[in-house]
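A.B. asks: The structure's right below; bear with me while I get my questions together.
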Amino acid sequence: MKTTIITHNGGFHADDVFAVAVVKMWLRRNGSGGFLKRKVEVIRTRNLEIIAKGDFVVDVGGEYNVDKKIFDHHQMGGAGKHPNGIPYSSFGLVWKEYGKDICDSPEVADVINKRIVQPVDAVDNGVDLCNLIYPGVQPYFISDLIGIGNFVPKKKGGGNLDENFLQAVSLMKDVLEKEIEMAQIEVKEKKYVEKIYQKSDDKRIIILERDISDKSWGAVLVQYSEPLYVVKPDGGSQNWKMKTVRKEVFSFESRKDLPKEWAGKIRDELAQETGVEGAIFCHNKRFIVIAKTKEGIMELARLAIEN
């Protein structure tokens with residue numbers, strides 16, 4: 001009673017690590033439960049005879065065939081592209097087949113697809129995701145994190161690539177599980193923000209009664225032209241905060257900065273500048289301001305709109 005997952009040996013990358021992690025997650029839900037639990041074995045090889053006997057084959061095998069459970073993208077012509085043009089890697093192919101089932105939701109699976117799957121697919125296929133502004137400085141991608149597992153110290157007890165690969169699979173499985181849980185919350189939050197936006201009389205200031213994540217409200221409100229500020233509780237404190245709405249989801253540029261006179265001021269200095277009792281803090285970059293009460297933050301919102 002054993003299920004085998006085959007991938008290539010030698011150096012590994014984010015796509016084969018994540019692909020194996022996804023298959024293991026799917027098997028845990030669908031293929032290895034019940035009274036007779038099946039053992040899952042990961043085999044790293046390029047031996048064609050062993051590959052031909054694998055139950056699942058990822059990032060090797062020379063074809064993409066869902067019926068045969070072969071998920072490779074190295075063959076001539078690749079294995080297709082995401083709708084936006086990013087070519088599939090083995091991770092993307094496996095996620096396309098099993099992601100919705102793992103997440104119990106197409107919406108959640110789509111969040112993970114955009115947040116993790118497509119960036120990994122892009123890097124593995126040599127697709128640039130960003131334009132570098134500062135020479136020699138670039139983002140540290142999750143593919144970079146996984147890639148360091150290919151370093152095996154020469155000292156005794158330094159491990160080997162197969163051990164490092166399995167450690168990376170275990171780590172990325174944990175990452176996916178946490179990201180899926182967060183995405184489930186995010187999907188619910190987005191529906192809440194959409195409802196609040198539609199009900200708001202003054203759509204320049206969106207008032208949330210819950211501490212919704214910036215990713216959730218940002219993704220919703222950037223679609224509409226009116227919102228300038230979001231008011232919401234300040235996390236674990238009793239305070240209230242107001243944040244600027246960005247021009248784009250992944251930009252730091254705000255549609256309307258907070259007044260420049262507020263920048264960097266705290267407590268009495270900010271209260272004196274604004275005339276709002278209980279004003280606590282305004283960031284130097286003028287994208288967030290905090291007050292002790294909802295009434296105080298709403299007064300700051302009014303002043304910011306009029307500025």
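Going through the structure tokens in order, the chains are called A, B, and so on, while each chain numbers its residues from 1 and the ligands are numbered from 1 in the order shown.
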Could you pull out all residues of region 31-78 of chain A with a DSSP call of alpha helix (DSSP H) and give them as number ranges by chain?
C.D. replies: A: 48-52
A.B. asks: For region 260-264 of chain A, find every residue with an atom within 7 Å (counting only C-alpha atoms), except residues of its own chain fewer than 6 positions away, and show them as a list in words.
C.D. replies: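 The neighbour list is Leu270, Cys282, His283, Asn284, Lys285 and Arg286 of chain A.
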A.B. asks: Per DSSP on the backbone, filter region 66-121 of chain A down to the residues in strand (DSSP E or B) and report them as a PDB file with C-alpha atoms, in the first residue's frame.
C.D. replies:
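part_15.pdb, freshly written:
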ATOM      1  CA  ILE A  70       2.251  13.328 -15.450  1.00  0.00           C
ATOM      2  CA  PHE A  71       2.883  17.060 -14.927  1.00  0.00           C
ATOM      3  CA  GLY A  78       5.875  23.638 -22.994  1.00  0.00           C
ATOM      4  CA  GLY A  80       0.467  25.882 -21.944  1.00  0.00           C
ATOM      5  CA  LYS A  81       0.134  29.255 -20.249  1.00  0.00           C
ATOM      6  CA  PRO A  87       3.924  29.756 -18.875  1.00  0.00           C
TER       7      PRO A  87
END
A.B. asks: Looking at A:Met76, A:Ile180, A:Ile297, A:Leu161, which one is nearest to Ile205 (chain A), with distances taken over only C-alpha atoms?
C.D. replies: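 Of A:Met76, A:Ile180, A:Ile297, A:Leu161, the one nearest Ile205 (chain A) is A:Ile297, counting only C-alpha atoms.
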A.B. asks: I want to know what sits within 10 Å of Ala291 (chain A), based on only C-alpha atoms, with residues of the same chain fewer than 4 positions away left out; could you give that as a PyMOL selection string?
C.D. replies: chain A and resi 233-234+238-242+267+270-271+276-282+295-300
A.B. asks: Hey, which of A:Val117, A:Val222, A:Ala21, A:Leu258 ends up closest to Tyr197 (chain A)? Count only C-alpha atoms.
C.D. replies: A:Val222
A.B. asks: Leaving out Phe18 (chain A) and any residue of its chain fewer than 4 positions from it, which residues lie within 7 Å of it when counting only C-alpha atoms, given as a ChimeraX atom specification?
C.D. replies: /A:14,22,91,169,172
A.B. asks: Can you write just those residues out, N, CA and C atoms, as a PDB file, in the first residue's frame?
C.D. replies:
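In the end it all went to part.pdb:
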ATOM      1  N   ALA A  14      11.812  25.777  -6.918  1.00  0.00           N
ATOM      2  CA  ALA A  14      10.537  25.990  -6.230  1.00  0.00           C
ATOM      3  C   ALA A  14       9.403  25.217  -6.882  1.00  0.00           C
ATOM      4  N   VAL A  22       1.992  19.892  -3.070  1.00  0.00           N
ATOM      5  CA  VAL A  22       0.567  19.920  -3.419  1.00  0.00           C
ATOM      6  C   VAL A  22       0.025  18.506  -3.593  1.00  0.00           C
ATOM      7  N   PHE A  91       4.462  23.222 -10.930  1.00  0.00           N
ATOM      8  CA  PHE A  91       3.630  23.700  -9.827  1.00  0.00           C
ATOM      9  C   PHE A  91       2.284  24.178 -10.349  1.00  0.00           C
ATOM     10  N   VAL A 169      10.108  20.537   0.888  1.00  0.00           N
ATOM     11  CA  VAL A 169       8.718  20.152   0.644  1.00  0.00           C
ATOM     12  C   VAL A 169       7.885  20.310   1.913  1.00  0.00           C
ATOM     13  N   MET A 172       7.360  24.090   2.592  1.00  0.00           N
ATOM     14  CA  MET A 172       6.427  24.742   1.670  1.00  0.00           C
ATOM     15  C   MET A 172       5.008  24.212   1.842  1.00  0.00           C
TER      16      MET A 172
END
A.B. asks: May I have the residues within 12 Å of Arg210 (chain A) as a list in words, using only C-alpha atoms and disregarding those fewer than 3 positions away in the same chain?
C.D. replies: Glu189, Tyr192, Val193, Ile196, Ile206, Ile207, Ser213, Asp214, Ser216, Trp217, Val230, Val231, Lys232, Pro233, Asp234, Gly235, Gly236, Trp240 and Lys241 of chain A
A.B. asks: How about saving the chosen residues, N, CA and C atoms kept, as a CSV table (one decimal), in the first residue's frame?
C.D. replies:
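Below you can see result39.csv, which holds the result:
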chain,number,residue,atom,x,y,z
A,189,GLU,N,-13.4,38.6,3.9
A,189,GLU,CA,-13.2,40.0,4.2
A,189,GLU,C,-13.5,40.8,2.9
A,192,TYR,N,-17.2,41.4,2.6
A,192,TYR,CA,-17.6,42.4,3.7
A,192,TYR,C,-17.3,43.8,3.2
A,193,VAL,N,-16.1,44.0,2.7
A,193,VAL,CA,-15.7,45.4,2.3
A,193,VAL,C,-16.5,45.8,1.1
A,196,ILE,N,-19.8,47.0,2.4
A,196,ILE,CA,-19.7,48.3,3.1
A,196,ILE,C,-19.6,49.4,2.1
A,206,ILE,N,-14.3,55.1,3.6
A,206,ILE,CA,-14.9,53.8,3.9
A,206,ILE,C,-14.7,53.4,5.3
A,207,ILE,N,-15.8,53.2,6.1
A,207,ILE,CA,-15.7,52.9,7.5
A,207,ILE,C,-15.9,51.4,7.7
A,213,SER,N,-7.8,43.2,6.9
A,213,SER,CA,-6.4,43.3,6.4
A,213,SER,C,-6.3,44.2,5.2
A,214,ASP,N,-5.1,44.9,5.1
A,214,ASP,CA,-4.9,45.8,4.0
A,214,ASP,C,-5.1,45.2,2.6
A,216,SER,N,-7.1,42.8,1.8
A,216,SER,CA,-8.5,42.6,1.5
A,216,SER,C,-9.2,43.9,1.0
A,217,TRP,N,-9.1,44.9,1.9
A,217,TRP,CA,-9.8,46.1,1.5
A,217,TRP,C,-9.1,46.8,0.3
A,230,VAL,N,-9.5,54.8,4.4
A,230,VAL,CA,-10.2,53.7,5.1
A,230,VAL,C,-10.1,53.9,6.6
A,231,VAL,N,-11.2,53.9,7.3
A,231,VAL,CA,-11.2,54.0,8.7
A,231,VAL,C,-11.5,52.6,9.3
A,232,LYS,N,-10.8,52.2,10.3
A,232,LYS,CA,-11.0,50.9,10.9
A,232,LYS,C,-10.4,50.8,12.3
A,233,PRO,N,-10.8,49.8,13.1
A,233,PRO,CA,-10.1,49.6,14.4
A,233,PRO,C,-8.6,49.3,14.2
A,234,ASP,N,-7.8,49.7,15.2
A,234,ASP,CA,-6.4,49.5,15.1
A,234,ASP,C,-5.9,48.2,15.8
A,235,GLY,N,-6.2,47.1,15.2
A,235,GLY,CA,-5.7,45.8,15.6
A,235,GLY,C,-6.0,45.5,17.1
A,236,GLY,N,-4.9,45.1,17.8
A,236,GLY,CA,-5.1,44.7,19.2
A,236,GLY,C,-5.3,45.8,20.2
A,240,TRP,N,-8.2,53.7,17.0
A,240,TRP,CA,-8.7,53.7,15.6
A,240,TRP,C,-7.7,54.2,14.7
A,241,LYS,N,-7.7,53.7,13.4
A,241,LYS,CA,-6.7,54.2,12.5
A,241,LYS,C,-7.4,54.6,11.2
A.B. asks: Excluding Val245 (chain A) and residues on its chain fewer than 3 positions from it, collect all residues at most 8 Å away from it, counting only C-alpha atoms, and give them as a PyMOL selection string.
C.D. replies: chain A and resi 218+221-222+227-230+254-256
A.B. asks: As an exercise, work out the distance from CA of Ala122 (chain A) to CA of Pro83 (chain A) in Å and give it to one decimal place.
C.D. replies: 12.9 Å
A.B. asks: Thr7 (chain A): which residues within 6 Å, counting only C-alpha atoms, same-chain residues fewer than 3 positions away excluded, as a PyMOL selection string?
C.D. replies: chain A and resi 44+57-60
